[in-house]
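Asks: Starting off with a structure, shown below.
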Amino acid sequence: MTATVPAVIASSLVKRFGGGRRAAVAGIDLTLHAGECLALFGPNGAGKTTLLRLIAGLLKPTAGSVRVQGIDVRRDARARANVGLISHQSMLYTPLTALENVEFTARLYGLPNPRAAARAALESIHVLDRADTPVRTLSRGLQQRVSIARATVHGPTVVLLDEPYSGLDEAGGAALTGLLQSLRARGATLVVVTHNVGEGLALASHAAIMTEGTFARLEQRDDAREFDAKRYAKEYRELVTHAG
Amino acid sequence: MQGKAPGLWAAAWIVAQKDLAIELRTKSAFLSVVVFMLLGLVIFFFAWDSTAVSALDLAPGVLWVTFTFAGLLGLHRSFGVELQDRAFDGLLVAPIERESIYLGKAIANAIFVFAVLVIAIPAVALFYNLPLGRAILALGFVAGLAAFGLVAIGTLFSAMAVNTRMAELLLPMLSLPFFVPIVLASAQASTRLLAGRPFTEVLPWLKILIAFDIVFALACTVAFPHTLEE
């Protein structure tokens, strides 16, 4: 029997900016396996986005390391082929069309038929009818859908989502939830940063509350028991009030 | 649906094509640079006392000064397009080498800058009534070498300056000292070519240009990934 490699391993992860004393991420340890989903809550400035950017390989850790599918994301570009990153900022080139943006990403990931892959990704989030529209003329919600297509076109096994529902209308939100559920069913690992406790817990196998760069709480869903959404909401509200 | 990530040059070409597609779609940088450069030429022309300085002595300097400043305008935009909606994060998270981002940007900038030179050289010849005829090919070669060097340096400093509050000021301040040997060698080589001097007089300046191009291209490619660390 061979042991499966965890999809994400963060070990003693620390990130300080500009030599500052305060750590944005202060010693995080995290292991997620294929098909698991971590919902990450916390007030502004808790270090959630920094943690996502560290896992994506966009930031160099001050200490510790992140491995995706067993590969160090900072040392080997191949690790990033497994990662999809969705942020509340679209990461799109607004003069280009939706299709051109997604096709550009598909080409960067070396997909064999980038045009077809881009069209399929746009279809999966119900925005194919806007494929030839320049992104700058799309509404915020439609841009977010194109951004989701861009981040998932290569079939990532680890999807990092920072406020993914931001700007989406009800239909867009439902399409995203459907896409995330299908990604999980295919074995993708998700890390979702959200301020919406109910939305996050509905998807999650793990839930964490983050404050001052560390996990104030990290727990795994028990097969026999749902997460206590009320307790999470209460703790989250207290932290936000305290941070404010 | 995972594919095989493109190699260094293949990824660079994908990035360059994207940048050129954006420029072709907007045309904003090209038009700004060409208009700025032509205005510079006009001002130099009206400030010129043709009885004191001959056209052949003045024109190469005017060409390379206006071209250098106009080129900086275009280079500044190179990474500026990546800032909007943090599109640059999408590039950085892709499974490509960081160096290929630099090379792709440099290829797109080189094509852009060379297109500007295609307008600039005949414009200077027209203003100063220069005998381009036989020198045109050699002048094109010098222009190519100069564009290559300026782009190698400018692309790196554009990446460094773009995230700062005073990017418009910082880019020329960082780049211009490094541009000096390139502008000097280009101006000297073009003066001799336009004056119909023997090739042996041009060759030393071409060697300097080639040497600087190789050194700057290699050094900037190696240095680029380090400019991305936060």
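We label chains A, B, ... in the order they appear in the structure tokens, count residues from 1 in each chain, and number ligands from 1 in the order shown.
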Set out as CSV a contact list for chain A and chain B with a cut-off of 6 Å, giving each residue of chain A that qualifies its closest atom pair and distance in Å to one decimal, counting only C-alpha atoms, ordered by chain and rising residue number.

Replies:
```
residue,atom,partner,partner_atom,distance
A:Ala77,CA,B:Pro95,CA,4.8
A:Arg78,CA,B:Pro95,CA,5.4
A:Arg80,CA,B:Pro95,CA,5.0
A:Ala81,CA,B:Pro95,CA,5.0
A:Gln89,CA,B:Asp85,CA,5.2
A:Ser90,CA,B:Asp85,CA,5.5
A:Met91,CA,B:Ala87,CA,3.7
A:Leu92,CA,B:Ala87,CA,5.2
A:Tyr109,CA,B:Ala5,CA,4.9
A:Gly110,CA,B:Ala5,CA,4.5
A:Leu111,CA,B:Gly3,CA,4.4
A:His154,CA,B:Gln2,CA,5.6
A:Gly155,CA,B:Met1,CA,5.4
```

Asks: Please give the complete set of residues from segment 45-188 of chain B that DSSP, run on the backbone, assigns to alpha helix (DSSP H), formatted as an MDAnalysis selection string.

Replies: chainID B and resid 45:47 55:83 87:92 98:128 136:161 167:188

Asks: So that I can check the surroundings of Gly154 of chain B, please list as a short mmCIF file (atom, residue, chain, number, x, y, z; two decimals) with N, CA and C atoms, in the first residue's frame every protein, DNA and RNA residue that reaches within 10 Å of it, counting only C-alpha atoms and ignoring chain neighbours fewer than 2 positions away.

Replies:
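Output below, filename selection.cif:
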```cif
data_model
loop_
_atom_site.label_atom_id
_atom_site.label_comp_id
_atom_site.auth_asym_id
_atom_site.auth_seq_id
_atom_site.Cartn_x
_atom_site.Cartn_y
_atom_site.Cartn_z
N GLY B 71 11.32 56.25 -25.68
CA GLY B 71 11.33 54.83 -25.34
C GLY B 71 10.99 54.59 -23.88
N LEU B 72 11.45 55.50 -23.01
CA LEU B 72 11.15 55.34 -21.58
C LEU B 72 9.64 55.38 -21.32
N GLY B 74 7.31 54.28 -23.30
CA GLY B 74 6.78 52.97 -23.66
C GLY B 74 7.16 51.90 -22.66
N LEU B 75 8.40 51.96 -22.19
CA LEU B 75 8.88 50.93 -21.24
C LEU B 75 8.12 51.01 -19.93
N HIS B 76 7.77 52.22 -19.53
CA HIS B 76 7.03 52.37 -18.27
C HIS B 76 5.71 51.62 -18.32
N SER B 78 5.13 48.93 -19.90
CA SER B 78 5.33 47.49 -20.03
C SER B 78 4.79 46.70 -18.83
N ALA B 106 10.58 41.77 -22.69
CA ALA B 106 11.67 42.39 -23.47
C ALA B 106 11.44 42.20 -24.97
N ASN B 109 8.75 44.63 -25.95
CA ASN B 109 9.29 45.99 -25.91
C ASN B 109 10.23 46.24 -27.09
N PHE B 148 17.88 46.92 -28.61
CA PHE B 148 18.07 45.70 -27.81
C PHE B 148 18.63 46.06 -26.42
N GLY B 149 19.67 46.90 -26.41
CA GLY B 149 20.30 47.28 -25.14
C GLY B 149 19.36 48.09 -24.26
N LEU B 150 18.70 49.08 -24.87
CA LEU B 150 17.79 49.94 -24.10
C LEU B 150 16.65 49.12 -23.49
N VAL B 151 16.16 48.17 -24.29
CA VAL B 151 15.04 47.35 -23.83
C VAL B 151 15.48 46.40 -22.71
N ALA B 152 16.68 45.83 -22.84
CA ALA B 152 17.18 44.90 -21.81
C ALA B 152 17.22 45.60 -20.45
N LEU B 156 13.94 45.67 -17.14
CA LEU B 156 14.25 45.30 -15.76
C LEU B 156 13.86 46.44 -14.81
N PHE B 157 14.26 47.66 -15.15
CA PHE B 157 13.98 48.77 -14.24
C PHE B 157 12.48 49.12 -14.22
N SER B 158 11.81 48.85 -15.32
CA SER B 158 10.36 49.06 -15.33
C SER B 158 9.70 48.14 -14.30
N ALA B 159 10.17 46.89 -14.24
CA ALA B 159 9.63 45.93 -13.25
C ALA B 159 9.93 46.39 -11.83
N MET B 160 11.13 46.97 -11.64
CA MET B 160 11.49 47.41 -10.28
C MET B 160 10.71 48.65 -9.87
N LEU B 171 11.96 55.31 -12.95
CA LEU B 171 12.41 54.56 -14.13
C LEU B 171 13.51 55.31 -14.88
N PRO B 172 13.33 56.59 -15.25
CA PRO B 172 14.45 57.28 -15.92
C PRO B 172 15.67 57.45 -15.04
N LEU B 174 16.80 55.46 -12.71
CA LEU B 174 17.54 54.20 -12.65
C LEU B 174 18.16 53.85 -14.01
N SER B 175 17.40 54.10 -15.09
CA SER B 175 17.81 53.60 -16.40
C SER B 175 18.86 54.46 -17.08
N LEU B 176 18.70 55.79 -16.99
CA LEU B 176 19.54 56.67 -17.81
C LEU B 176 21.05 56.47 -17.63
N PHE B 178 22.60 53.81 -17.11
CA PHE B 178 22.96 52.58 -17.83
C PHE B 178 22.79 52.76 -19.35
N PHE B 179 21.94 53.71 -19.74
CA PHE B 179 21.72 53.96 -21.17
C PHE B 179 22.92 54.68 -21.80
N CYS B 220 20.50 41.26 -16.76
CA CYS B 220 19.10 41.63 -16.43
C CYS B 220 18.21 40.39 -16.35
#
```

Asks: Which residue is closest to Val197 of chain A? Choose from A:Leu176, A:Leu99, A:Ala151, A:Ala39 and count only C-alpha atoms.

Replies: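 Between A:Leu176, A:Leu99, A:Ala151, A:Ala39, the residue approaching Val197 of chain A most closely is A:Ala39.
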
Asks: At a cut-off of 7 Å, using only C-alpha atoms, what residues contact segment 133-146 of chain A? Leave out same-chain residues fewer than 6 positions from it and give the result as a ChimeraX atom specification.

Replies: /A:90,94-98,122,125,127,167-169

Asks: Which residue is closest to Val153 of chain A? Choose from A:Gln181, A:Asn82, A:Ser205, A:Ser11 and count only C-alpha atoms.

Replies: A:Asn82

Asks: Measure the distance from atom CA of Val193 of chain A to atom CA of Glu123 of chain A in Å and round it to one decimal.

Replies: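 It comes out at 24.6 Å.
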
Asks: Using DSSP on the backbone, list every residue of segment 109-161 of chain A that comes out as strand (DSSP E), and give them as a PyMOL selection string.

Replies: chain A and resi 158-161

Asks: Set the distance at 6 Å and use only C-alpha atoms: which residues neighbour Ala34 of chain A once local chain neighbours fewer than 5 positions away are removed? I'd like the list as a ChimeraX atom specification.

Replies: /A:7,187-189

Asks: Tell me which protein, DNA and RNA residues are within 6 Å of segment 59-65 of chain B, counting only C-alpha atoms, leaving out same-chain ones fewer than 4 positions away, and put them as a list in words.

Replies: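 Final neighbour list, sorted by chain and number: Ala55, Ala187 and Thr191 of chain B.
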
Asks: Restricting it to N, CA and C atoms, dump the selection as a compact mmCIF listing (two decimals), in the first residue's frame.

Replies:
```txt
# COMPACT_ATOMS: atom_id res chain seq x y z
N ALA B 55 24.15 69.83 -39.77
CA ALA B 55 23.08 68.84 -39.56
C ALA B 55 23.68 67.48 -39.22
N ALA B 187 25.17 56.94 -31.17
CA ALA B 187 25.31 58.26 -31.79
C ALA B 187 26.62 58.34 -32.59
N THR B 191 26.74 58.80 -36.64
CA THR B 191 27.40 59.96 -37.22
C THR B 191 28.36 59.53 -38.32
```

Asks: With only C-alpha atoms as the counted atoms, please give the residues lying no more than 12 Å from Glu235 of chain A, apart from itself and same-chain residues fewer than 6 positions off, as a ChimeraX atom specification.

Replies: /A:41-43,197,208-211,216-217,228-229,241-242

Asks: Grab the atom CA of Val83 of chain A to atom CA of Phe215 of chain A distance for me, in Å with one decimal place.

Replies: 22.5 Å

Asks: Counting only C-alpha atoms, which of A:Gly57, A:Gly70, A:Gly172, A:Gly45 gets nearest to His33 of chain A?

Replies: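 Closest residue, counting only C-alpha atoms: A:Gly70.
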
Asks: Take atom CA of Gly104 of chain B and atom CA of Thr227 of chain B and report the distance between them in Å, one decimal.

Replies: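 Separating atom CA of Gly104 of chain B from atom CA of Thr227 of chain B is a distance of 16.0 Å.
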